[in-house]
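A.B. asks: Provided herewith: structure06.csv, CSV, C-alpha atoms.
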```
chain,number,residue,atom,x,y,z
S,1,MET,CA,110.4,92.4,88.6
S,2,SER,CA,109.1,91.4,85.2
S,3,ASP,CA,110.8,92.0,81.8
S,4,PHE,CA,107.9,94.5,81.1
S,5,ILE,CA,108.4,96.6,84.2
S,6,GLN,CA,112.2,96.5,83.8
S,7,ALA,CA,112.0,97.7,80.1
S,8,ALA,CA,109.5,100.4,81.0
S,9,ILE,CA,111.7,101.7,83.8
S,10,GLN,CA,114.8,101.7,81.5
S,11,ALA,CA,112.9,103.6,78.8
S,12,SER,CA,111.6,106.1,81.3
S,13,ARG,CA,115.0,106.9,82.7
S,14,GLU,CA,116.2,107.6,79.2
S,15,ILE,CA,113.2,109.8,78.4
S,16,ILE,CA,113.6,111.8,81.6
S,17,GLU,CA,117.1,112.7,80.4
S,18,ILE,CA,115.9,113.5,76.9
S,19,LEU,CA,113.0,115.7,77.9
S,20,SER,CA,115.1,117.6,80.4
S,21,GLN,CA,117.1,119.2,77.5
S,22,ARG,CA,113.9,121.0,76.3
S,23,LYS,CA,115.2,121.3,72.7
S,24,PRO,CA,113.2,123.5,70.3
S,25,GLU,CA,112.3,120.5,68.1
S,26,TYR,CA,110.6,118.9,71.1
S,27,MET,CA,108.1,121.8,71.2
S,28,GLN,CA,107.2,121.6,67.4
S,29,LYS,CA,103.8,120.4,66.4
S,30,HIS,CA,103.4,117.4,64.0
S,31,GLN,CA,100.4,115.4,62.7
S,32,VAL,CA,97.3,114.5,64.6
S,33,GLY,CA,98.0,111.2,66.5
S,34,ALA,CA,95.9,108.1,66.9
S,35,GLY,CA,94.4,109.5,70.1
S,36,GLY,CA,93.1,112.6,68.3
S,37,ASP,CA,95.5,115.2,69.6
S,38,VAL,CA,98.3,116.9,67.7
S,39,SER,CA,101.6,115.2,68.5
S,40,LEU,CA,104.6,117.3,69.7
S,41,GLY,CA,108.2,116.4,68.9
S,42,ALA,CA,108.4,115.5,72.6
S,43,ASP,CA,105.6,113.0,72.2
S,44,LEU,CA,107.2,111.3,69.2
S,45,ILE,CA,110.7,111.0,70.7
S,46,SER,CA,109.2,109.6,73.9
S,47,GLU,CA,107.2,107.1,71.8
S,48,ALA,CA,110.3,106.1,69.8
S,49,THR,CA,112.3,105.5,73.0
S,50,PHE,CA,109.5,103.3,74.5
S,51,ALA,CA,109.2,101.4,71.2
S,52,ARG,CA,112.9,100.5,71.3
S,53,TYR,CA,112.5,98.9,74.8
S,54,LEU,CA,109.0,97.5,74.5
S,55,LEU,CA,108.6,96.1,71.0
S,56,PRO,CA,110.8,93.1,71.8
S,57,ILE,CA,108.2,92.3,74.5
S,58,ALA,CA,104.8,93.0,72.7
S,59,ASN,CA,103.0,94.9,70.1
S,60,ILE,CA,102.2,98.6,70.9
S,61,ASP,CA,99.0,100.6,70.5
S,62,SER,CA,100.3,104.2,71.0
S,63,GLU,CA,98.4,107.4,71.3
S,64,GLU,CA,100.7,109.0,68.7
S,65,SER,CA,101.3,106.4,66.0
S,66,GLY,CA,98.6,103.8,66.7
S,67,TYR,CA,99.5,100.2,66.1
S,68,MET,CA,103.2,99.2,66.0
S,69,GLN,CA,104.2,95.6,65.2
S,70,GLY,CA,106.2,93.9,67.9
S,71,TYR,CA,106.7,90.5,69.5
S,72,GLY,CA,103.9,88.0,70.1
S,73,GLU,CA,100.2,88.5,70.6
S,74,ASN,CA,100.2,90.8,73.6
S,75,ILE,CA,99.7,94.5,73.1
S,76,ILE,CA,100.9,97.5,75.1
S,77,ILE,CA,98.5,100.4,75.4
S,78,LEU,CA,100.9,103.4,75.5
S,79,ASP,CA,100.6,107.1,76.2
S,80,PRO,CA,104.3,108.1,75.8
S,81,LEU,CA,103.8,111.6,77.1
S,82,ASP,CA,100.8,112.2,79.3
S,83,GLY,CA,100.5,116.0,80.0
S,84,SER,CA,102.1,117.3,76.8
S,85,ASP,CA,100.6,120.7,77.3
S,86,ASN,CA,102.2,120.8,80.8
S,87,TYR,CA,105.5,119.9,79.3
S,88,ILE,CA,105.5,122.5,76.6
S,89,SER,CA,104.3,125.1,79.2
S,90,ASN,CA,107.1,124.1,81.6
S,91,ILE,CA,104.6,122.9,84.2
S,92,PRO,CA,106.2,120.0,86.1
S,93,TYR,CA,103.4,117.4,85.9
S,94,TYR,CA,103.8,115.0,83.0
S,95,GLY,CA,104.8,111.4,82.4
S,96,ALA,CA,103.7,108.2,80.7
S,97,SER,CA,101.1,105.4,80.9
S,98,ILE,CA,102.0,101.9,79.9
S,99,ALA,CA,99.7,98.9,80.1
S,100,LEU,CA,100.5,95.3,79.0
S,101,CYS,CA,97.4,93.6,77.8
S,102,GLY,CA,96.7,90.0,76.6
S,103,ALA,CA,95.2,89.2,73.2
S,104,ASP,CA,91.7,89.4,74.8
S,105,GLY,CA,92.3,92.9,76.0
S,106,THR,CA,92.7,92.1,79.7
S,107,THR,CA,95.4,94.1,81.4
S,108,GLN,CA,98.2,91.9,82.8
S,109,GLU,CA,100.6,94.5,84.1
S,110,ALA,CA,100.8,98.3,84.1
S,111,MET,CA,103.1,101.1,85.1
S,112,ILE,CA,102.6,104.9,85.3
S,113,VAL,CA,105.6,107.2,85.5
S,114,ASN,CA,105.8,110.8,86.6
S,115,PHE,CA,108.8,112.1,84.6
S,116,CYS,CA,109.0,115.2,86.9
S,117,THR,CA,109.3,113.5,90.3
S,118,LYS,CA,111.1,110.5,88.6
S,119,MET,CA,108.7,108.1,90.3
S,120,ALA,CA,107.1,104.9,88.9
S,121,TYR,CA,103.9,103.3,90.1
S,122,TYR,CA,103.0,99.6,89.5
S,123,HIS,CA,101.7,96.5,91.3
S,124,ASP,CA,103.6,93.7,92.9
S,125,SER,CA,102.4,90.8,95.1
S,126,GLN,CA,102.0,93.1,98.1
S,127,GLY,CA,100.1,95.9,96.3
S,128,ILE,CA,101.0,99.3,94.9
S,129,VAL,CA,104.7,100.0,94.6
S,130,CYS,CA,106.1,103.6,94.3
S,131,GLN,CA,109.6,103.4,93.0
S,132,ASP,CA,112.2,106.1,92.7
S,133,LEU,CA,113.6,105.6,89.2
S,134,MET,CA,117.0,107.0,90.0
S,135,SER,CA,117.8,105.2,93.3
S,136,ALA,CA,115.4,102.2,92.9
S,137,LYS,CA,114.1,102.9,96.4
S,138,ILE,CA,110.6,101.5,96.9
S,139,SER,CA,107.8,102.8,99.2
S,140,ARG,CA,104.2,101.9,99.8
S,141,GLU,CA,102.8,105.3,100.9
S,142,ALA,CA,99.4,104.6,99.5
S,143,GLN,CA,98.7,102.1,102.3
S,144,GLU,CA,99.8,104.7,104.9
S,145,ASN,CA,98.5,108.1,103.8
S,146,THR,CA,95.4,109.1,105.7
S,147,ALA,CA,95.9,112.8,106.0
S,148,THR,CA,94.9,113.8,102.5
S,149,ARG,CA,92.5,116.7,102.3
S,150,CYS,CA,91.5,117.0,98.6
S,151,GLY,CA,91.0,115.1,95.4
S,152,ILE,CA,91.8,115.5,91.7
S,153,PHE,CA,89.3,116.7,89.1
S,154,GLU,CA,90.6,116.4,85.6
S,155,LYS,CA,88.8,118.4,82.9
S,156,ALA,CA,87.2,120.6,85.5
S,157,TYR,CA,87.5,123.5,83.1
S,158,SER,CA,85.0,121.8,80.7
S,159,ASN,CA,82.6,120.8,83.5
S,160,PRO,CA,81.9,124.1,85.3
S,161,LYS,CA,78.5,123.0,86.6
S,162,LEU,CA,79.9,119.9,88.2
S,163,ALA,CA,82.9,121.8,89.6
S,164,ALA,CA,80.4,124.3,91.2
S,165,LYS,CA,78.4,121.5,92.8
S,166,LEU,CA,81.6,120.0,94.3
S,167,PHE,CA,82.5,123.5,95.6
S,168,SER,CA,79.1,124.0,97.1
S,169,GLN,CA,79.5,120.7,99.0
S,170,LYS,CA,83.0,121.9,100.3
S,171,ILE,CA,84.7,119.0,98.3
S,172,LYS,CA,88.2,120.3,97.6
S,173,PHE,CA,90.0,119.3,94.4
S,174,ARG,CA,92.8,120.2,92.1
S,175,SER,CA,92.9,120.0,88.3
S,176,LEU,CA,96.5,119.0,87.2
S,177,GLY,CA,96.3,118.3,83.5
S,178,ALA,CA,97.6,114.8,83.1
S,179,SER,CA,94.9,112.2,83.6
S,180,ALA,CA,97.0,109.1,83.7
S,181,ILE,CA,99.3,110.4,86.3
S,182,SER,CA,96.3,111.6,88.3
S,183,LEU,CA,94.9,108.0,88.2
S,184,ALA,CA,98.2,106.8,89.7
S,185,TYR,CA,97.6,109.3,92.5
S,186,ALA,CA,94.1,108.1,93.2
S,187,PRO,CA,95.2,105.8,96.0
S,188,TYR,CA,96.9,108.7,97.7
S,189,VAL,CA,94.1,111.4,97.5
S,190,ASN,CA,90.4,111.5,98.4
S,191,PHE,CA,89.3,110.8,94.8
S,192,MET,CA,90.2,111.1,91.1
S,193,LEU,CA,87.4,112.4,88.9
S,194,PHE,CA,87.6,112.8,85.1
S,195,GLY,CA,84.8,114.7,83.4
S,196,GLY,CA,83.7,113.1,80.1
S,197,LYS,CA,84.6,109.8,78.4
S,198,ILE,CA,88.2,108.9,79.1
S,199,ARG,CA,90.4,107.3,76.4
S,200,LYS,CA,92.2,104.0,76.8
S,201,TYR,CA,95.5,105.7,76.5
S,202,ASP,CA,94.8,107.7,79.6
S,203,SER,CA,93.0,105.0,81.6
S,204,GLN,CA,94.2,101.5,80.8
S,205,ALA,CA,97.2,101.5,83.1
S,206,GLY,CA,95.6,103.6,85.8
S,207,LEU,CA,92.4,101.5,86.1
S,208,PHE,CA,94.6,98.5,86.6
S,209,LEU,CA,96.6,100.2,89.4
S,210,CYS,CA,93.3,101.3,91.0
S,211,LYS,CA,91.6,97.9,90.7
S,212,ASN,CA,91.2,97.5,94.5
S,213,LEU,CA,89.5,101.0,94.8
S,214,TRP,CA,85.9,102.0,94.1
S,215,ILE,CA,85.5,102.7,90.4
S,216,LYS,CA,82.6,104.1,88.3
S,217,ASN,CA,83.3,104.5,84.6
S,218,THR,CA,80.5,106.0,82.5
S,219,PRO,CA,80.3,107.9,79.2
S,220,ASP,CA,80.0,111.1,81.3
S,221,PHE,CA,82.7,110.6,83.9
S,222,LEU,CA,85.2,108.4,85.6
S,223,LEU,CA,85.4,108.4,89.4
S,224,VAL,CA,87.9,106.5,91.5
S,225,SER,CA,88.2,106.6,95.3
S,226,ARG,CA,89.4,104.5,98.1
S,227,ASN,CA,86.8,106.1,100.4
S,228,LYS,CA,83.3,104.6,99.9
S,229,GLN,CA,81.5,107.6,101.5
S,230,ILE,CA,83.3,110.1,99.3
S,231,PHE,CA,82.8,107.8,96.3
S,232,ASP,CA,79.0,107.6,96.9
S,233,MET,CA,78.7,111.3,97.5
S,234,ILE,CA,80.5,112.3,94.3
S,235,SER,CA,78.7,109.6,92.2
S,236,GLU,CA,75.4,111.1,93.2
S,237,ILE,CA,76.5,114.7,92.5
S,238,ALA,CA,78.0,113.7,89.1
S,239,LYS,CA,75.0,111.7,88.1
S,240,LYS,CA,72.7,114.7,88.6
S,241,ASP,CA,74.9,117.1,86.7
```
Could you write out this structure as structure tokens?
C.D. replies:
Amino acid sequence: MSDFIQAAIQASREIIEILSQRKPEYMQKHQVGAGGDVSLGADLISEATFARYLLPIANIDSEESGYMQGYGENIIILDPLDGSDNYISNIPYYGASIALCGADGTTQEAMIVNFCTKMAYYHDSQGIVCQDLMSAKISREAQENTATRCGIFEKAYSNPKLAAKLFSQKIKFRSLGASAISLAYAPYVNFMLFGGKIRKYDSQAGLFLCKNLWIKNTPDFLLVSRNKQIFDMISEIAKKD
């Protein structure tokens, strides 16, 4: 396990404990962050925790504070709290997206964490790893799950025509509200579809994890699927929307 993955896991364990306290200051709104959304106290404390562990490894480009000077030339693209609205609403689907990139922007390693299930997703030499952050138990369910019945459509609420077309084709989906985490789940479900242009903070780590799947990333949508037939079907539907 690399220094990057170890540091990201250690930071995530600490953040899970912090966020579980649900203090009033975690819900308070602050300034608009580098990613264009208003930062919550929970976003900022998650960012500060990641910075403590990750700045000795690389520089950071965070959704909240933008560029943070760290070690060397590499840069970490960070969303310290993906699904902030879910967190503040007490909906258990939020986490973090962490991608280590070289000076040329190429992703070298990545990890996505679901703070609610306490699971981390990253690559090793054998493929996608799903690790329990508390027990360190590792599984490779993505290579075994063939019973899935639906996909994930993030931003479905802002793409009603596309959602209706999927429904008319009997393509089942859920809209869960944390795009980076949903990308981590793309290998486990029929597809992951994001309506609109996805930001690097939401997609840098996830696209690396999904690099062996079918991917189409346009200004209008991002589609990821392990199933070529479903991928082609939704690509055509989304293209016509």
A.B. asks: Ranking S:Lys118, S:Lys170, S:Arg226, S:Lys165 by minimum distance to S:Trp214 and counting all atoms listed in the file, which one comes first?
C.D. replies: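 When distances to S:Trp214 are compared using all atoms listed in the file, the smallest one comes from S:Arg226.
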A.B. asks: Taking only residues of stretch 76-155 of chain S that have an atom at most 7 Å from an atom of stretch 54-63 of chain S, what is each one's shortest atom pair and its distance in Å to one decimal, using only C-alpha atoms, in chain and number order, as a tab-separated table?
C.D. replies:
```
residue	atom	partner	partner_atom	distance
S:Ile76	CA	S:Ile60	CA	4.5
S:Ile77	CA	S:Asp61	CA	4.9
S:Leu78	CA	S:Ser62	CA	4.6
S:Asp79	CA	S:Glu63	CA	5.4
```
A.B. asks: Could you give me, as CSV, every stretch 72-103 of chain S residue with an atom at most 9 Å from stretch 31-47 of chain S, plus its closest atom pair and distance in Å to one decimal, counting all atoms listed in the file, rows ordered by chain then number?
C.D. replies:
```
residue,atom,partner,partner_atom,distance
S:Leu78,CA,S:Glu47,CA,8.2
S:Asp79,CA,S:Glu47,CA,7.9
S:Pro80,CA,S:Glu47,CA,5.0
S:Leu81,CA,S:Asp43,CA,5.4
S:Asp82,CA,S:Asp43,CA,8.6
S:Ser84,CA,S:Asp43,CA,7.2
S:Tyr87,CA,S:Ala42,CA,8.5
S:Ile88,CA,S:Ala42,CA,8.6
S:Ala96,CA,S:Ser46,CA,8.9
```
A.B. asks: Generate the output file for the selected residues, C-alpha atoms, as an mmCIF file, in the coordinates of the input.
C.D. replies:
```cif
data_model
loop_
_atom_site.group_PDB
_atom_site.id
_atom_site.type_symbol
_atom_site.label_atom_id
_atom_site.label_comp_id
_atom_site.auth_asym_id
_atom_site.auth_seq_id
_atom_site.Cartn_x
_atom_site.Cartn_y
_atom_site.Cartn_z
ATOM 1 C CA LEU S 78 100.900 103.400 75.500
ATOM 2 C CA ASP S 79 100.600 107.100 76.200
ATOM 3 C CA PRO S 80 104.300 108.100 75.800
ATOM 4 C CA LEU S 81 103.800 111.600 77.100
ATOM 5 C CA ASP S 82 100.800 112.200 79.300
ATOM 6 C CA SER S 84 102.100 117.300 76.800
ATOM 7 C CA TYR S 87 105.500 119.900 79.300
ATOM 8 C CA ILE S 88 105.500 122.500 76.600
ATOM 9 C CA ALA S 96 103.700 108.200 80.700
#
```
A.B. asks: Counting only C-alpha atoms, figure out which residue out of S:Leu176, S:Leu223, S:Ile181, S:Cys116 gets nearest to S:Leu19.
C.D. replies: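 Among the listed residues, S:Cys116 lies closest to S:Leu19.
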A.B. asks: Mind checking which residues fall within 12 Å of S:Gln6, counting only C-alpha atoms, ignoring those fewer than 4 positions away in the same chain, and posting them as an MDAnalysis selection string?
C.D. replies: chainID S and resid 1:2 10:13 50 53:54 57 109:111 120 122 131 133 136
A.B. asks: Limited to C-alpha atoms, could you put the picked residues into a file as a compact mmCIF listing (two decimals), in the frame of the given file?
C.D. replies:
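As a result, selection12.txt now contains:
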```txt
# COMPACT_ATOMS: atom_id res chain seq x y z
CA MET S 1 110.40 92.40 88.60
CA SER S 2 109.10 91.40 85.20
CA GLN S 10 114.80 101.70 81.50
CA ALA S 11 112.90 103.60 78.80
CA SER S 12 111.60 106.10 81.30
CA ARG S 13 115.00 106.90 82.70
CA PHE S 50 109.50 103.30 74.50
CA TYR S 53 112.50 98.90 74.80
CA LEU S 54 109.00 97.50 74.50
CA ILE S 57 108.20 92.30 74.50
CA GLU S 109 100.60 94.50 84.10
CA ALA S 110 100.80 98.30 84.10
CA MET S 111 103.10 101.10 85.10
CA ALA S 120 107.10 104.90 88.90
CA TYR S 122 103.00 99.60 89.50
CA GLN S 131 109.60 103.40 93.00
CA LEU S 133 113.60 105.60 89.20
CA ALA S 136 115.40 102.20 92.90
```
A.B. asks: Mind pulling up the distance from atom CA of S:Tyr121 to atom CA of S:Phe221?
C.D. replies: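 Pair atom CA of S:Phe221 / atom CA of S:Tyr121 returns 23.3 Å.
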A.B. asks: Name the closest residue to S:Ser203 among the candidates S:Thr117, S:Ser135, S:Gln229, S:Thr107; distances are taken between atoms, counting all atoms listed in the file.
C.D. replies: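 Of S:Thr117, S:Ser135, S:Gln229, S:Thr107, the one nearest S:Ser203 is S:Thr107, counting all atoms listed in the file.
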A.B. asks: Go ahead and compute the interatomic distance for atom CA of S:Ile152 and atom CA of S:Ile171, in Å to one decimal.
C.D. replies: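 Between atom CA of S:Ile152 and atom CA of S:Ile171 the gap is 10.3 Å.
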A.B. asks: Taking into account all atoms listed in the file, which residue in the set S:Phe4, S:Phe153, S:Phe167, S:Phe115 is nearest to S:Ser182?
C.D. replies: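 That would be S:Phe153, the residue with the smallest distance to S:Ser182.
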A.B. asks: Would you work out the distance separating atom CA of S:Cys130 from atom CA of S:Ala48, expressed in Å to one decimal?
C.D. replies: 25.0 Å
A.B. asks: Pick the closest to S:Leu183 from S:Ser158, S:Ser235, S:Ile112, S:Ala164: which is it, counting only C-alpha atoms?
C.D. replies: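 When distances to S:Leu183 are compared using only C-alpha atoms, the smallest one comes from S:Ile112.
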A.B. asks: I'd like the contact shell of stretch 191-196 of chain S - 8 Å cut-off, only C-alpha atoms, skipping same-chain residues fewer than 2 positions apart - returned as a PDB file with C-alpha atoms, in the frame of the given file.
C.D. replies:
```pdb
ATOM      1  CA  CYS S 150      91.500 117.000  98.600  1.00  0.00           C
ATOM      2  CA  GLY S 151      91.000 115.100  95.400  1.00  0.00           C
ATOM      3  CA  ILE S 152      91.800 115.500  91.700  1.00  0.00           C
ATOM      4  CA  PHE S 153      89.300 116.700  89.100  1.00  0.00           C
ATOM      5  CA  GLU S 154      90.600 116.400  85.600  1.00  0.00           C
ATOM      6  CA  LYS S 155      88.800 118.400  82.900  1.00  0.00           C
ATOM      7  CA  ALA S 156      87.200 120.600  85.500  1.00  0.00           C
ATOM      8  CA  SER S 158      85.000 121.800  80.700  1.00  0.00           C
ATOM      9  CA  ASN S 159      82.600 120.800  83.500  1.00  0.00           C
ATOM     10  CA  SER S 179      94.900 112.200  83.600  1.00  0.00           C
ATOM     11  CA  SER S 182      96.300 111.600  88.300  1.00  0.00           C
ATOM     12  CA  LEU S 183      94.900 108.000  88.200  1.00  0.00           C
ATOM     13  CA  TYR S 185      97.600 109.300  92.500  1.00  0.00           C
ATOM     14  CA  ALA S 186      94.100 108.100  93.200  1.00  0.00           C
ATOM     15  CA  PRO S 187      95.200 105.800  96.000  1.00  0.00           C
ATOM     16  CA  VAL S 189      94.100 111.400  97.500  1.00  0.00           C
ATOM     17  CA  ILE S 198      88.200 108.900  79.100  1.00  0.00           C
ATOM     18  CA  PRO S 219      80.300 107.900  79.200  1.00  0.00           C
ATOM     19  CA  ASP S 220      80.000 111.100  81.300  1.00  0.00           C
ATOM     20  CA  PHE S 221      82.700 110.600  83.900  1.00  0.00           C
ATOM     21  CA  LEU S 222      85.200 108.400  85.600  1.00  0.00           C
ATOM     22  CA  LEU S 223      85.400 108.400  89.400  1.00  0.00           C
ATOM     23  CA  VAL S 224      87.900 106.500  91.500  1.00  0.00           C
ATOM     24  CA  SER S 225      88.200 106.600  95.300  1.00  0.00           C
ATOM     25  CA  ARG S 226      89.400 104.500  98.100  1.00  0.00           C
ATOM     26  CA  ASN S 227      86.800 106.100 100.400  1.00  0.00           C
ATOM     27  CA  ILE S 230      83.300 110.100  99.300  1.00  0.00           C
ATOM     28  CA  PHE S 231      82.800 107.800  96.300  1.00  0.00           C
TER      29      PHE S 231
END
```
A.B. asks: Name the closest residue to S:Asp85 among the candidates S:Ile215, S:Ile15, S:Cys210, S:Met27; distances are taken between atoms, counting all atoms listed in the file.
C.D. replies: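 Of S:Ile215, S:Ile15, S:Cys210, S:Met27, the one nearest S:Asp85 is S:Met27, counting all atoms listed in the file.
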A.B. asks: Assuming the input is short of atoms at stretch 164-184 of chain S, produce N, CA, C and O atoms for that part as an mmCIF file, in the coordinates of the input.
C.D. replies:
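Written file, rebuild_37.cif:
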```cif
data_model
loop_
_atom_site.group_PDB
_atom_site.id
_atom_site.type_symbol
_atom_site.label_atom_id
_atom_site.label_comp_id
_atom_site.auth_asym_id
_atom_site.auth_seq_id
_atom_site.Cartn_x
_atom_site.Cartn_y
_atom_site.Cartn_z
ATOM 1 N N ALA S 164 81.166 123.466 90.252
ATOM 2 C CA ALA S 164 80.400 124.300 91.200
ATOM 3 C C ALA S 164 79.703 123.511 92.234
ATOM 4 O O ALA S 164 79.640 123.904 93.414
ATOM 5 N N LYS S 165 79.141 122.385 91.838
ATOM 6 C CA LYS S 165 78.400 121.500 92.800
ATOM 7 C C LYS S 165 79.399 120.929 93.822
ATOM 8 O O LYS S 165 79.076 120.843 95.010
ATOM 9 N N LEU S 166 80.565 120.531 93.370
ATOM 10 C CA LEU S 166 81.600 120.000 94.300
ATOM 11 C C LEU S 166 81.977 121.116 95.296
ATOM 12 O O LEU S 166 82.100 120.870 96.503
ATOM 13 N N PHE S 167 82.166 122.323 94.758
ATOM 14 C CA PHE S 167 82.500 123.500 95.600
ATOM 15 C C PHE S 167 81.457 123.749 96.642
ATOM 16 O O PHE S 167 81.756 124.018 97.810
ATOM 17 N N SER S 168 80.196 123.670 96.210
ATOM 18 C CA SER S 168 79.100 124.000 97.100
ATOM 19 C C SER S 168 79.000 122.941 98.255
ATOM 20 O O SER S 168 78.492 123.251 99.341
ATOM 21 N N GLN S 169 79.508 121.735 98.011
ATOM 22 C CA GLN S 169 79.500 120.700 99.000
ATOM 23 C C GLN S 169 80.850 120.680 99.817
ATOM 24 O O GLN S 169 81.096 119.770 100.595
ATOM 25 N N LYS S 170 81.664 121.724 99.577
ATOM 26 C CA LYS S 170 83.000 121.900 100.300
ATOM 27 C C LYS S 170 83.886 120.660 99.985
ATOM 28 O O LYS S 170 84.650 120.240 100.851
ATOM 29 N N ILE S 171 83.779 120.129 98.755
ATOM 30 C CA ILE S 171 84.700 119.000 98.300
ATOM 31 C C ILE S 171 85.843 119.667 97.589
ATOM 32 O O ILE S 171 85.692 120.213 96.501
ATOM 33 N N LYS S 172 87.015 119.620 98.184
ATOM 34 C CA LYS S 172 88.200 120.300 97.600
ATOM 35 C C LYS S 172 88.818 119.396 96.523
ATOM 36 O O LYS S 172 88.872 118.165 96.638
ATOM 37 N N PHE S 173 89.311 120.068 95.470
ATOM 38 C CA PHE S 173 90.000 119.300 94.400
ATOM 39 C C PHE S 173 91.004 120.218 93.706
ATOM 40 O O PHE S 173 90.994 121.438 93.834
ATOM 41 N N ARG S 174 91.881 119.569 92.954
ATOM 42 C CA ARG S 174 92.800 120.200 92.100
ATOM 43 C C ARG S 174 92.704 119.646 90.691
ATOM 44 O O ARG S 174 92.380 118.470 90.535
ATOM 45 N N SER S 175 92.944 120.469 89.668
ATOM 46 C CA SER S 175 92.900 120.000 88.300
ATOM 47 C C SER S 175 94.340 120.144 87.739
ATOM 48 O O SER S 175 94.841 121.271 87.576
ATOM 49 N N LEU S 176 95.010 119.023 87.444
ATOM 50 C CA LEU S 176 96.500 119.000 87.200
ATOM 51 C C LEU S 176 96.899 118.844 85.797
ATOM 52 O O LEU S 176 98.041 119.126 85.459
ATOM 53 N N GLY S 177 96.021 118.337 84.926
ATOM 54 C CA GLY S 177 96.300 118.300 83.500
ATOM 55 C C GLY S 177 97.057 117.135 82.957
ATOM 56 O O GLY S 177 97.620 117.213 81.859
ATOM 57 N N ALA S 178 97.046 116.013 83.668
ATOM 58 C CA ALA S 178 97.600 114.800 83.100
ATOM 59 C C ALA S 178 96.871 113.618 83.757
ATOM 60 O O ALA S 178 97.177 113.153 84.851
ATOM 61 N N SER S 179 95.873 113.148 83.042
ATOM 62 C CA SER S 179 94.900 112.200 83.600
ATOM 63 C C SER S 179 95.458 110.893 84.047
ATOM 64 O O SER S 179 95.050 110.339 85.070
ATOM 65 N N ALA S 180 96.384 110.346 83.286
ATOM 66 C CA ALA S 180 97.000 109.100 83.700
ATOM 67 C C ALA S 180 97.742 109.160 84.958
ATOM 68 O O ALA S 180 97.615 108.303 85.845
ATOM 69 N N ILE S 181 98.548 110.207 85.083
ATOM 70 C CA ILE S 181 99.300 110.400 86.300
ATOM 71 C C ILE S 181 98.332 110.591 87.491
ATOM 72 O O ILE S 181 98.534 110.057 88.592
ATOM 73 N N SER S 182 97.268 111.345 87.248
ATOM 74 C CA SER S 182 96.300 111.600 88.300
ATOM 75 C C SER S 182 95.621 110.284 88.741
ATOM 76 O O SER S 182 95.298 110.118 89.923
ATOM 77 N N LEU S 183 95.407 109.348 87.822
ATOM 78 C CA LEU S 183 94.900 108.000 88.200
ATOM 79 C C LEU S 183 95.887 107.291 89.101
ATOM 80 O O LEU S 183 95.488 106.596 90.039
ATOM 81 N N ALA S 184 97.161 107.438 88.821
ATOM 82 C CA ALA S 184 98.200 106.800 89.700
ATOM 83 C C ALA S 184 98.142 107.358 91.073
ATOM 84 O O ALA S 184 98.492 106.664 92.040
#
```
